[in-house]
$ cat structure-v2.cif   # mmCIF, C-alpha atoms and all ligand atoms
data_final
#
loop_
_atom_site.label_atom_id
_atom_site.label_comp_id
_atom_site.auth_asym_id
_atom_site.auth_seq_id
_atom_site.Cartn_x
_atom_site.Cartn_y
_atom_site.Cartn_z
CA MET A 1 0.46 -9.78 10.26
CA THR A 2 -0.01 -8.68 6.69
CA GLN A 3 2.55 -10.00 4.28
CA LEU A 4 3.62 -7.68 1.53
CA SER A 5 5.52 -8.24 -1.60
CA ALA A 6 3.83 -6.90 -4.72
CA GLU A 7 4.35 -3.33 -5.81
CA TYR A 8 2.33 -1.13 -8.06
CA PRO A 9 2.00 2.36 -9.32
CA ALA A 10 -1.24 2.85 -7.49
CA GLU A 11 -3.55 3.53 -10.41
CA GLN A 12 -3.28 -0.19 -11.19
CA PRO A 13 -5.08 -1.73 -8.21
CA LEU A 14 -7.80 0.77 -8.71
CA GLN A 15 -8.77 -0.92 -11.92
CA ALA A 16 -8.00 -4.43 -10.79
CA ALA A 17 -9.95 -4.14 -7.58
CA ALA A 18 -12.93 -2.35 -9.01
CA VAL A 19 -13.44 -4.40 -12.10
CA SER A 20 -12.43 -7.90 -11.18
CA GLU A 21 -13.57 -8.22 -7.57
CA HIS A 22 -10.42 -10.19 -6.83
CA SER A 23 -8.60 -9.58 -3.62
CA VAL A 24 -6.66 -6.36 -4.07
CA ALA A 25 -3.53 -7.93 -2.75
CA ALA A 26 -3.72 -10.75 -5.23
CA SER A 27 -4.56 -8.44 -8.09
CA VAL A 28 -2.12 -5.57 -7.84
CA ARG A 29 0.47 -5.55 -10.55
CA SER A 30 3.18 -3.13 -11.44
CA VAL A 31 3.73 -1.63 -14.85
CA GLU A 32 6.97 0.20 -14.27
CA ASP A 33 8.32 -2.04 -11.54
CA ALA A 34 7.81 -5.28 -13.38
CA PRO A 35 11.10 -6.85 -12.21
CA ALA A 36 10.10 -6.28 -8.61
CA ILE A 37 6.84 -8.07 -9.23
CA ALA A 38 8.44 -10.99 -10.99
CA GLU A 39 10.86 -11.35 -8.12
CA SER A 40 8.06 -11.51 -5.60
CA ALA A 41 5.48 -13.54 -7.46
CA ALA A 42 5.69 -16.39 -4.97
CA ASP A 43 5.25 -14.01 -2.06
CA ALA A 44 2.27 -12.42 -3.76
CA ALA A 45 0.55 -15.78 -3.95
CA ARG A 46 1.07 -16.32 -0.24
CA GLN A 47 -0.03 -12.78 0.47
CA SER A 48 -3.38 -13.39 -1.19
CA GLN A 49 -4.10 -15.93 1.53
CA ASP A 50 -3.36 -13.39 4.25
CA VAL A 51 -5.32 -10.46 2.86
CA GLN A 52 -8.73 -11.21 1.42
CA ILE A 53 -10.33 -7.83 1.12
CA LYS A 54 -12.55 -7.48 -1.92
CA PHE A 55 -14.02 -4.26 -3.19
CA ALA A 56 -17.39 -4.12 -4.94
CA SER A 57 -17.36 -4.38 -8.72
CA GLY A 58 -18.94 -2.38 -11.53
CA ASP A 59 -17.17 0.88 -10.88
CA VAL A 60 -18.83 3.10 -13.50
CA PHE A 61 -17.81 6.06 -11.37
CA LEU A 62 -14.14 5.25 -11.82
CA ASN A 63 -14.45 4.70 -15.56
CA VAL A 64 -16.18 8.06 -16.04
CA LEU A 65 -13.57 9.77 -13.88
CA ARG A 66 -10.73 8.33 -15.90
CA GLN A 67 -12.39 9.27 -19.16
CA ARG A 68 -12.83 12.87 -18.03
CA VAL A 69 -9.29 13.13 -16.72
CA ASP A 70 -7.99 11.74 -20.03
CA GLU A 71 -10.08 14.32 -21.91
CA TYR A 72 -8.67 17.09 -19.72
CA PHE A 73 -5.07 16.18 -20.52
CA THR A 74 -5.80 15.70 -24.22
CA SER A 75 -7.61 19.02 -24.60
CA SER A 76 -5.24 21.06 -22.43
CA GLY A 77 -2.06 19.53 -23.83
CA ARG A 78 -0.60 19.53 -20.32
CA PRO A 79 1.71 16.64 -19.37
CA ARG A 80 0.68 14.20 -16.63
CA ARG A 81 4.34 13.83 -15.63
CA ASP A 82 7.64 15.47 -16.49
CA CYS A 83 6.14 18.88 -15.71
CA LEU A 84 8.65 21.72 -16.09
CA GLN A 85 7.12 23.34 -13.00
CA MET A 86 8.00 20.25 -10.97
CA TYR A 87 11.64 20.28 -12.06
CA ILE A 88 11.92 23.96 -11.12
CA LYS A 89 10.19 23.29 -7.82
CA THR A 90 12.65 20.47 -7.10
CA ALA A 91 15.57 22.83 -7.65
CA VAL A 92 14.04 25.43 -5.32
CA ILE A 93 13.35 22.92 -2.52
CA MET A 94 16.78 21.30 -2.76
CA THR A 95 18.42 24.74 -2.69
CA TRP A 96 16.39 25.56 0.43
CA PHE A 97 17.53 22.28 2.05
CA VAL A 98 21.23 22.65 1.17
CA THR A 99 21.32 26.32 2.19
CA SER A 100 19.70 25.58 5.56
CA TYR A 101 22.09 22.69 6.19
CA VAL A 102 25.25 24.58 5.25
CA LEU A 103 24.32 27.66 7.28
CA LEU A 104 23.36 25.51 10.29
CA VAL A 105 26.38 23.22 10.31
CA PHE A 106 29.16 25.52 9.09
CA LEU A 107 28.18 29.08 9.94
CA ALA A 108 25.77 29.21 12.90
CA THR A 109 27.55 30.21 16.09
CA SER A 110 24.80 31.03 18.59
CA TRP A 111 21.44 29.62 19.66
CA TRP A 112 19.44 32.39 18.03
CA GLN A 113 20.97 31.38 14.71
CA VAL A 114 20.69 27.64 15.36
CA LEU A 115 16.96 27.62 16.25
CA PRO A 116 15.55 29.23 13.08
CA LEU A 117 18.01 27.35 10.87
CA ALA A 118 17.10 24.00 12.47
CA ALA A 119 13.42 24.85 11.94
CA SER A 120 14.14 25.80 8.33
CA LEU A 121 16.05 22.55 7.77
CA GLY A 122 13.25 20.45 9.31
CA ALA A 123 10.62 22.18 7.16
CA SER A 124 12.72 21.75 4.00
CA MET A 125 13.11 18.02 4.76
CA ALA A 126 9.35 17.62 5.16
CA CYS A 127 8.92 19.55 1.90
CA ILE A 128 11.27 17.13 0.10
CA GLY A 129 9.15 14.26 1.43
CA PHE A 130 5.81 15.77 0.41
CA ASN A 131 6.94 16.82 -3.04
CA ILE A 132 9.99 15.13 -4.52
CA GLN A 133 10.10 11.78 -2.74
CA HIS A 134 6.35 11.22 -2.81
CA ASP A 135 5.93 11.95 -6.52
CA GLY A 136 9.05 9.95 -7.35
CA SER A 137 7.99 6.89 -5.34
CA HIS A 138 4.57 6.89 -6.99
CA ALA A 139 6.16 7.13 -10.47
CA ALA A 140 4.27 10.42 -10.78
CA TYR A 141 7.39 12.51 -11.35
CA SER A 142 8.51 11.28 -14.76
CA ARG A 143 7.91 8.72 -17.50
CA ARG A 144 11.51 7.62 -16.97
CA ARG A 145 11.90 5.00 -14.32
CA TRP A 146 15.38 6.09 -13.28
CA VAL A 147 14.19 9.65 -12.65
CA ASN A 148 11.40 8.39 -10.40
CA SER A 149 13.85 6.14 -8.54
CA LEU A 150 16.31 8.99 -8.08
CA MET A 151 13.62 11.29 -6.70
CA GLY A 152 12.29 8.51 -4.46
CA MET A 153 15.79 8.03 -3.08
CA THR A 154 15.70 11.47 -1.48
CA LEU A 155 13.90 9.62 1.33
CA ASP A 156 16.99 7.46 1.87
CA LEU A 157 19.09 10.60 2.05
CA LEU A 158 16.81 11.84 4.84
CA GLY A 159 17.21 8.62 6.83
CA GLY A 160 14.05 6.83 5.72
CA SER A 161 13.82 3.99 3.22
CA SER A 162 12.34 4.26 -0.26
CA TYR A 163 12.22 0.45 -0.28
CA ILE A 164 9.97 0.28 2.78
CA TRP A 165 7.92 3.27 1.65
CA LYS A 166 6.94 1.62 -1.61
CA LYS A 167 5.63 -1.38 0.32
CA THR A 168 3.85 0.32 3.18
CA HIS A 169 2.60 3.47 1.46
CA ASN A 170 2.14 2.61 -2.22
CA LEU A 171 0.84 -0.87 -1.68
CA VAL A 172 -0.82 -1.01 1.73
CA HIS A 173 -2.02 2.49 2.48
CA HIS A 174 -3.22 3.24 -1.04
CA SER A 175 -5.04 -0.09 -1.34
CA PHE A 176 -6.56 -0.43 2.11
CA THR A 177 -7.03 3.20 3.07
CA ASN A 178 -8.54 3.58 6.56
CA ILE A 179 -9.35 -0.13 6.84
CA THR A 180 -8.49 -0.97 10.43
CA GLY A 181 -6.01 -3.80 10.78
CA HIS A 182 -4.70 -3.34 7.24
CA ASP A 183 -3.79 0.32 6.78
CA GLY A 184 -0.67 0.74 8.91
CA ASP A 185 -0.84 4.52 8.65
CA ILE A 186 -3.79 4.62 11.06
CA ASP A 187 -2.15 2.23 13.51
CA LEU A 188 -0.33 3.87 16.41
CA GLY A 189 -0.47 0.72 18.55
CA VAL A 190 -1.79 1.35 22.05
CA LEU A 191 -0.52 4.92 22.00
CA GLY A 192 -3.52 6.32 20.16
CA ARG A 193 -6.97 5.48 18.82
CA LEU A 194 -7.37 6.89 15.31
CA SER A 195 -10.09 4.52 14.09
CA PRO A 196 -13.41 3.75 15.79
CA HIS A 197 -12.63 0.04 15.34
CA GLN A 198 -9.50 0.17 17.47
CA ARG A 199 -9.46 -0.73 21.14
CA GLN A 200 -10.01 2.10 23.59
CA PHE A 201 -7.82 2.58 26.66
CA ARG A 202 -8.48 4.98 29.54
CA PHE A 203 -5.45 7.14 28.73
CA HIS A 204 -6.85 7.78 25.25
CA ARG A 205 -9.05 10.37 26.98
CA LEU A 206 -6.00 12.65 26.73
CA GLN A 207 -4.87 11.67 23.23
CA HIS A 208 -6.12 14.92 21.71
CA VAL A 209 -3.42 16.59 23.84
CA TYR A 210 -0.44 14.24 23.86
CA LEU A 211 -0.55 12.81 20.33
CA TRP A 212 0.60 16.10 18.80
CA LEU A 213 3.87 15.66 20.71
CA LEU A 214 4.26 12.01 19.74
CA TYR A 215 3.83 12.93 16.07
CA GLY A 216 7.22 14.62 16.34
CA PHE A 217 8.94 11.26 16.90
CA ILE A 218 7.64 9.54 13.77
CA THR A 219 10.79 10.23 11.73
CA LEU A 220 13.01 8.87 14.53
CA LYS A 221 10.89 5.72 14.50
CA TRP A 222 11.34 5.35 10.73
CA GLN A 223 15.06 6.00 10.91
CA PHE A 224 16.06 3.88 13.89
CA VAL A 225 13.29 1.42 14.78
CA ASP A 226 11.41 0.29 11.69
CA ASP A 227 14.47 -0.23 9.52
CA THR A 228 16.26 -2.15 12.25
CA LEU A 229 13.24 -4.41 12.72
CA LEU A 230 13.16 -5.02 9.00
CA PHE A 231 16.67 -6.43 9.10
CA ILE A 232 16.30 -8.40 12.31
CA ARG A 233 12.81 -9.82 11.80
CA GLY A 234 12.14 -9.28 8.09
CA SER A 235 9.16 -7.16 9.04
CA HIS A 236 8.13 -3.55 9.46
CA SER A 237 5.50 -2.68 12.07
CA GLN A 238 2.72 -5.20 11.44
CA PHE A 239 3.87 -5.91 7.87
CA ARG A 240 6.00 -8.73 6.63
CA PHE A 241 7.95 -8.60 3.39
CA SER A 242 11.27 -9.59 1.86
CA ARG A 243 14.42 -7.90 3.05
CA PRO A 244 16.01 -5.67 0.38
CA ARG A 245 18.51 -7.41 -1.88
CA GLY A 246 20.91 -6.38 -4.62
CA TRP A 247 20.40 -2.80 -5.76
CA ASP A 248 17.65 -2.22 -3.17
CA LEU A 249 20.06 -3.27 -0.42
CA ALA A 250 22.78 -0.99 -1.79
CA VAL A 251 20.39 1.98 -1.81
CA PHE A 252 19.16 1.08 1.68
CA LEU A 253 22.65 0.87 3.20
CA GLY A 254 24.07 3.74 1.12
CA GLY A 255 21.18 5.93 2.24
CA LYS A 256 21.83 5.09 5.89
CA LEU A 257 25.51 5.92 5.47
CA ALA A 258 24.74 9.24 3.78
CA PHE A 259 22.13 10.13 6.39
CA LEU A 260 24.36 9.29 9.37
CA SER A 261 27.22 11.24 7.80
CA LEU A 262 25.07 14.33 7.22
CA ALA A 263 23.19 14.12 10.51
CA PHE A 264 26.04 13.22 12.85
CA ALA A 265 29.56 12.72 11.42
CA LEU A 266 29.89 16.06 9.68
CA PRO A 267 28.23 18.16 12.42
CA LEU A 268 30.32 16.41 15.12
CA ALA A 269 33.46 17.39 13.25
CA MET A 270 32.43 21.03 13.73
CA HIS A 271 30.59 21.07 17.09
CA SER A 272 30.30 19.16 20.36
CA TRP A 273 27.67 16.44 20.82
CA THR A 274 25.84 18.67 23.35
CA VAL A 275 25.00 20.92 20.40
CA VAL A 276 24.61 18.33 17.65
CA ILE A 277 22.19 15.96 19.42
CA PRO A 278 19.64 18.58 20.58
CA THR A 279 19.76 20.27 17.16
CA PHE A 280 19.21 16.95 15.41
CA LEU A 281 16.25 16.17 17.69
CA LEU A 282 14.70 19.58 17.12
CA THR A 283 15.00 19.27 13.34
CA SER A 284 13.64 15.74 13.40
CA PHE A 285 10.76 16.72 15.68
CA LEU A 286 9.56 19.51 13.43
CA GLN A 287 9.84 17.29 10.37
CA GLY A 288 7.86 14.56 12.13
CA VAL A 289 5.07 16.90 13.21
CA LEU A 290 4.68 18.34 9.71
CA LEU A 291 4.67 14.92 8.02
CA SER A 292 2.25 13.40 10.53
CA VAL A 293 -0.20 16.28 10.69
CA VAL A 294 -0.53 16.58 6.90
CA PHE A 295 -1.34 12.85 6.78
CA GLN A 296 -3.79 13.03 9.68
CA LEU A 297 -5.68 15.97 8.16
CA ALA A 298 -6.49 13.83 5.14
CA HIS A 299 -7.59 10.59 6.79
CA CYS A 300 -8.20 11.07 10.52
CA VAL A 301 -10.84 13.79 10.68
CA GLU A 302 -14.56 13.77 11.35
CA CYS A 303 -15.69 13.38 7.73
CA ALA A 304 -13.37 10.49 6.85
CA GLU A 305 -15.00 7.06 6.82
CA PHE A 306 -13.45 3.97 8.44
CA PRO A 307 -15.33 1.14 6.69
CA MET A 308 -14.67 -2.50 7.49
CA PRO A 309 -15.05 -5.59 5.31
CA SER A 310 -17.69 -8.19 6.00
CA ASP A 311 -16.36 -10.75 8.48
CA ALA A 312 -17.67 -13.63 6.44
CA SER A 313 -16.73 -12.65 2.89
CA GLY A 314 -14.06 -9.96 3.34
CA ARG A 315 -16.10 -7.85 0.93
CA MET A 316 -16.21 -4.07 1.18
CA GLU A 317 -19.51 -2.33 0.61
CA ASN A 318 -18.11 0.15 -1.93
CA ALA A 319 -16.04 -0.09 -5.07
CA TRP A 320 -12.41 0.90 -4.68
CA ALA A 321 -12.66 4.44 -6.11
CA VAL A 322 -15.70 5.32 -3.98
CA HIS A 323 -13.87 3.91 -0.96
CA GLN A 324 -10.89 6.17 -1.66
CA VAL A 325 -13.01 9.30 -1.91
CA GLU A 326 -15.02 8.61 1.22
CA THR A 327 -12.01 7.75 3.40
CA THR A 328 -10.13 10.89 2.38
CA VAL A 329 -10.70 14.59 3.04
CA ASN A 330 -9.08 17.56 1.29
CA PHE A 331 -8.15 20.82 2.99
CA ALA A 332 -7.25 24.40 2.07
CA ARG A 333 -7.52 23.59 -1.64
CA HIS A 334 -7.41 27.25 -2.67
CA ASN A 335 -4.40 28.16 -0.54
CA ARG A 336 -1.52 28.19 -3.04
CA LEU A 337 1.17 28.28 -0.36
CA VAL A 338 -0.27 25.19 1.36
CA THR A 339 -0.59 23.44 -2.01
CA TRP A 340 3.02 24.30 -2.82
CA PHE A 341 4.47 23.20 0.52
CA THR A 342 2.45 19.99 0.93
CA GLY A 343 3.11 18.80 -2.60
CA GLY A 344 -0.60 18.84 -3.37
CA LEU A 345 -1.36 16.60 -0.40
CA ASN A 346 -4.09 19.01 0.58
CA HIS A 347 -5.71 17.46 -2.54
CA GLN A 348 -5.49 13.92 -1.16
CA ILE A 349 -8.66 12.76 -2.90
CA GLU A 350 -7.12 13.59 -6.27
CA HIS A 351 -3.89 11.92 -5.15
CA HIS A 352 -5.60 8.71 -4.01
CA LEU A 353 -7.54 8.38 -7.25
CA PHE A 354 -4.67 9.34 -9.55
CA PRO A 355 -1.38 8.81 -7.69
CA GLN A 356 0.58 8.52 -10.91
CA ILE A 357 -0.25 12.03 -12.03
CA CYS A 358 2.24 14.70 -10.94
CA HIS A 359 0.80 16.70 -8.04
CA ILE A 360 1.28 19.94 -9.99
CA ASN A 361 -1.93 18.96 -11.84
CA TYR A 362 -4.14 18.31 -8.80
CA PRO A 363 -5.68 21.80 -8.46
CA ALA A 364 -6.77 21.70 -12.11
CA LEU A 365 -8.38 18.28 -11.64
CA SER A 366 -10.09 19.12 -8.37
CA GLY A 367 -13.25 20.75 -9.77
CA LEU A 368 -13.69 18.00 -12.33
CA LEU A 369 -13.46 15.31 -9.64
CA GLU A 370 -15.77 17.12 -7.26
CA GLN A 371 -18.41 17.55 -9.97
CA THR A 372 -18.21 13.88 -10.94
CA CYS A 373 -18.56 12.83 -7.30
CA GLU A 374 -21.67 14.99 -7.01
CA GLU A 375 -23.20 13.40 -10.13
CA PHE A 376 -22.63 9.90 -8.72
CA GLY A 377 -23.74 10.72 -5.18
CA VAL A 378 -20.25 10.11 -3.76
CA ARG A 379 -19.42 12.36 -0.83
CA TYR A 380 -16.45 14.63 -1.66
CA SER A 381 -15.28 16.27 1.59
CA ALA A 382 -12.97 19.25 1.96
CA HIS A 383 -12.09 21.58 4.81
CA ARG A 384 -11.89 25.18 3.70
CA THR A 385 -8.79 26.10 5.71
CA VAL A 386 -5.88 24.42 7.52
CA PHE A 387 -7.39 25.63 10.79
CA ASP A 388 -10.71 23.91 10.02
CA ALA A 389 -8.88 20.67 9.24
CA VAL A 390 -6.66 20.83 12.35
CA SER A 391 -9.73 21.55 14.50
CA SER A 392 -11.52 18.57 13.00
CA HIS A 393 -8.57 16.27 13.72
CA TYR A 394 -8.46 17.56 17.29
CA ARG A 395 -12.21 16.90 17.76
CA TRP A 396 -11.92 13.45 16.17
CA LEU A 397 -9.10 12.46 18.56
CA ARG A 398 -11.03 13.76 21.56
CA LYS A 399 -14.19 11.98 20.50
CA LEU A 400 -12.44 8.65 19.88
CA GLY A 401 -10.62 8.94 23.19
CA ARG A 402 -13.80 9.44 25.17
CA GLU A 403 -16.63 7.72 23.35
CA THR A 404 -17.35 4.42 21.66
CA VAL A 405 -17.76 5.93 18.23
CA THR A 406 -18.52 3.49 15.44
CA THR A 407 -18.95 5.77 12.42
CA SER A 408 -17.58 9.02 11.11
CA ASN A 409 -19.17 12.24 12.23
CA CYS A 410 -19.68 14.31 9.11
ZN ZN A 501 0.70 8.55 -1.79
#

$ encode --input "structure-v2.cif" --output "structure tokens"
Amino acid sequence: MTQLSAEYPAEQPLQAAAVSEHSVAASVRSVEDAPAIAESAADAARQSQDVQIKFASGDVFLNVLRQRVDEYFTSSGRPRRDCLQMYIKTAVIMTWFVTSYVLLVFLATSWWQVLPLAASLGASMACIGFNIQHDGSHAAYSRRRWVNSLMGMTLDLLGGSSYIWKKTHNLVHHSFTNITGHDGDIDLGVLGRLSPHQRQFRFHRLQHVYLWLLYGFITLKWQFVDDTLLFIRGSHSQFRFSRPRGWDLAVFLGGKLAFLSLAFALPLAMHSWTVVIPTFLLTSFLQGVLLSVVFQLAHCVECAEFPMPSDASGRMENAWAVHQVETTVNFARHNRLVTWFTGGLNHQIEHHLFPQICHINYPALSGLLEQTCEEFGVRYSAHRTVFDAVSSHYRWLRKLGRETVTTSNC
């Protein structure tokens, strides 16, 4: 079990890991969440004994990248955060969400109205997650901490937990991307084999068929299983960290209350449970599929690497920034609709290298990053279309389910 406690806006471990060669877990530090770090300093010390992954040092690649990105923002005069476009986008997405909800709960009277409205609501919820919550939780939305917190809290409104997200996504996934046994986002337990280093079961031969359905239940798992385990056991999936306290606890419980009121109490005041429950499940299923698939297209496709540390030293072969690029694959970069809906997560390489920059800027940074990767001999992978990326994920699942694959297949 990996114990978690430190938080960071994810550009920090990049530097710490690459330059100092210390264990990432022991090195990560937060700039904007300093109180959270101070609170968990003792846990962080213990954590360093549990996680001893070390990335290679001397990351000239990262330093050049940062220099060029800095030059871009200086010369263009564009803001890294607090982008007007992002505030407008937030208003549009929240209007979409509220309109779908109001029409579905208060005005829909027949199934042919309920089905498209439930689909619209599910898609708007995924869109909030990709755009508003994700940028907010990474402190990429604004320079003001309270604005980032507020935007991150949209996840609590949707039944998730911004507290858990910051631990599992910001800290674990962004530090240990695609490292089997550490990155919880590639761990489906026995249900699926996403990494070549995971155990293979006979029924995985069909995972390229059934996993698409299971993806639809990921939001239910967040809402009703993971959070409950956190309170009972003080852990989430394979991760162990402190239960929320004080303000974090208030947000956690307040979010649950708001979510249960919106998802069940209010609809049940208007309709019978035979309508409310299936509609809730349909909305949740669509949201889960969208959230899961967008993640899988970035990290669980043929060109993504799944490197492992040395057993003896815990050392990774590559520096942290190179590791991030080679474990991540972009898709449909030139499709503006996909970029809009996914909150720039079709530019995951840019996101993993610069998670504290608002996603509105990713398309402009993409060429610069790709060119720098080429100069340094770092493989920058991108699928041209969503279809190409989905096909690659399908093939990767089928291959892992049937063969003893040990490396990526790019
Ligand atoms: Zn992220």

$ residues_near_ligand --input "structure-v2.cif" --ligand "ligand ZN 501 (chain A)" --cutoff "12 Å" --atoms "all atoms listed in the file" --output "PDB file with C-alpha atoms, in the coordinates of the input"
ATOM      1  CA  TYR A   8       2.330  -1.130  -8.060  1.00  0.00           C
ATOM      2  CA  PRO A   9       2.000   2.360  -9.320  1.00  0.00           C
ATOM      3  CA  ALA A  10      -1.240   2.850  -7.490  1.00  0.00           C
ATOM      4  CA  GLU A  11      -3.550   3.530 -10.410  1.00  0.00           C
ATOM      5  CA  GLY A 129       9.150  14.260   1.430  1.00  0.00           C
ATOM      6  CA  PHE A 130       5.810  15.770   0.410  1.00  0.00           C
ATOM      7  CA  ASN A 131       6.940  16.820  -3.040  1.00  0.00           C
ATOM      8  CA  ILE A 132       9.990  15.130  -4.520  1.00  0.00           C
ATOM      9  CA  GLN A 133      10.100  11.780  -2.740  1.00  0.00           C
ATOM     10  CA  HIS A 134       6.350  11.220  -2.810  1.00  0.00           C
ATOM     11  CA  ASP A 135       5.930  11.950  -6.520  1.00  0.00           C
ATOM     12  CA  GLY A 136       9.050   9.950  -7.350  1.00  0.00           C
ATOM     13  CA  SER A 137       7.990   6.890  -5.340  1.00  0.00           C
ATOM     14  CA  HIS A 138       4.570   6.890  -6.990  1.00  0.00           C
ATOM     15  CA  ALA A 139       6.160   7.130 -10.470  1.00  0.00           C
ATOM     16  CA  ALA A 140       4.270  10.420 -10.780  1.00  0.00           C
ATOM     17  CA  GLY A 152      12.290   8.510  -4.460  1.00  0.00           C
ATOM     18  CA  TRP A 165       7.920   3.270   1.650  1.00  0.00           C
ATOM     19  CA  LYS A 166       6.940   1.620  -1.610  1.00  0.00           C
ATOM     20  CA  LYS A 167       5.630  -1.380   0.320  1.00  0.00           C
ATOM     21  CA  THR A 168       3.850   0.320   3.180  1.00  0.00           C
ATOM     22  CA  HIS A 169       2.600   3.470   1.460  1.00  0.00           C
ATOM     23  CA  ASN A 170       2.140   2.610  -2.220  1.00  0.00           C
ATOM     24  CA  LEU A 171       0.840  -0.870  -1.680  1.00  0.00           C
ATOM     25  CA  VAL A 172      -0.820  -1.010   1.730  1.00  0.00           C
ATOM     26  CA  HIS A 173      -2.020   2.490   2.480  1.00  0.00           C
ATOM     27  CA  HIS A 174      -3.220   3.240  -1.040  1.00  0.00           C
ATOM     28  CA  SER A 175      -5.040  -0.090  -1.340  1.00  0.00           C
ATOM     29  CA  THR A 177      -7.030   3.200   3.070  1.00  0.00           C
ATOM     30  CA  ASP A 185      -0.840   4.520   8.650  1.00  0.00           C
ATOM     31  CA  VAL A 294      -0.530  16.580   6.900  1.00  0.00           C
ATOM     32  CA  PHE A 295      -1.340  12.850   6.780  1.00  0.00           C
ATOM     33  CA  ALA A 298      -6.490  13.830   5.140  1.00  0.00           C
ATOM     34  CA  GLN A 324     -10.890   6.170  -1.660  1.00  0.00           C
ATOM     35  CA  THR A 328     -10.130  10.890   2.380  1.00  0.00           C
ATOM     36  CA  THR A 342       2.450  19.990   0.930  1.00  0.00           C
ATOM     37  CA  GLY A 343       3.110  18.800  -2.600  1.00  0.00           C
ATOM     38  CA  GLY A 344      -0.600  18.840  -3.370  1.00  0.00           C
ATOM     39  CA  LEU A 345      -1.360  16.600  -0.400  1.00  0.00           C
ATOM     40  CA  ASN A 346      -4.090  19.010   0.580  1.00  0.00           C
ATOM     41  CA  HIS A 347      -5.710  17.460  -2.540  1.00  0.00           C
ATOM     42  CA  GLN A 348      -5.490  13.920  -1.160  1.00  0.00           C
ATOM     43  CA  ILE A 349      -8.660  12.760  -2.900  1.00  0.00           C
ATOM     44  CA  GLU A 350      -7.120  13.590  -6.270  1.00  0.00           C
ATOM     45  CA  HIS A 351      -3.890  11.920  -5.150  1.00  0.00           C
ATOM     46  CA  HIS A 352      -5.600   8.710  -4.010  1.00  0.00           C
ATOM     47  CA  LEU A 353      -7.540   8.380  -7.250  1.00  0.00           C
ATOM     48  CA  PHE A 354      -4.670   9.340  -9.550  1.00  0.00           C
ATOM     49  CA  PRO A 355      -1.380   8.810  -7.690  1.00  0.00           C
ATOM     50  CA  GLN A 356       0.580   8.520 -10.910  1.00  0.00           C
ATOM     51  CA  ILE A 357      -0.250  12.030 -12.030  1.00  0.00           C
ATOM     52  CA  CYS A 358       2.240  14.700 -10.940  1.00  0.00           C
ATOM     53  CA  HIS A 359       0.800  16.700  -8.040  1.00  0.00           C
TER      54      HIS A 359
END

$ closest_atom_pairs --input "structure-v2.cif" --of "range 136-160 of chain A" --to "range 94-102 of chain A" --cutoff "12 Å" --atoms "only C-alpha atoms" --output "Markdown table"
| residue | atom | partner | partner_atom | distance |
| --- | --- | --- | --- | --- |
| A:Met151 | CA | A:Met94 | CA | 11.2 |
| A:Thr154 | CA | A:Met94 | CA | 10.0 |
| A:Leu157 | CA | A:Phe97 | CA | 11.8 |
| A:Leu158 | CA | A:Phe97 | CA | 10.8 |

$ closest_residue --input "structure-v2.cif" --among "A:Phe176, A:Asp187, A:Arg80, A:His334" --to "Trp320 in chain A" --atoms "all atoms listed in the file"
A:Phe176

$ residues_around --input "structure-v2.cif" --residues "range 210-225 of chain A" --least-positions-apart "2" --cutoff "7 Å" --atoms "all atoms listed in the file" --output "PDB file with C-alpha atoms, in the coordinates of the input"
ATOM      1  CA  GLY A 159      17.210   8.620   6.830  1.00  0.00           C
ATOM      2  CA  GLY A 160      14.050   6.830   5.720  1.00  0.00           C
ATOM      3  CA  LEU A 206      -6.000  12.650  26.730  1.00  0.00           C
ATOM      4  CA  GLN A 207      -4.870  11.670  23.230  1.00  0.00           C
ATOM      5  CA  HIS A 208      -6.120  14.920  21.710  1.00  0.00           C
ATOM      6  CA  ASP A 227      14.470  -0.230   9.520  1.00  0.00           C
ATOM      7  CA  THR A 228      16.260  -2.150  12.250  1.00  0.00           C
ATOM      8  CA  LEU A 229      13.240  -4.410  12.720  1.00  0.00           C
ATOM      9  CA  SER A 284      13.640  15.740  13.400  1.00  0.00           C
ATOM     10  CA  PHE A 285      10.760  16.720  15.680  1.00  0.00           C
ATOM     11  CA  LEU A 286       9.560  19.510  13.430  1.00  0.00           C
ATOM     12  CA  GLY A 288       7.860  14.560  12.130  1.00  0.00           C
ATOM     13  CA  VAL A 289       5.070  16.900  13.210  1.00  0.00           C
ATOM     14  CA  SER A 292       2.250  13.400  10.530  1.00  0.00           C
TER      15      SER A 292
END

$ residues_around --input "structure-v2.cif" --residues "Glu375 in chain A" --least-positions-apart "3" --cutoff "12 Å" --atoms "all atoms listed in the file" --output "MDAnalysis selection string"
chainID A and resid 60:61 64:65 368:372 378:380

$ atom_distance --input "structure-v2.cif" --atom1 "CA of Leu266 in chain A" --atom2 "CA of Ile93 in chain A"
21.7 Å

$ closest_residue --input "structure-v2.cif" --among "A:Leu262, A:Ser310, A:Pro363, A:Arg398" --to "Val276 in chain A" --atoms "all atoms listed in the file"
A:Leu262
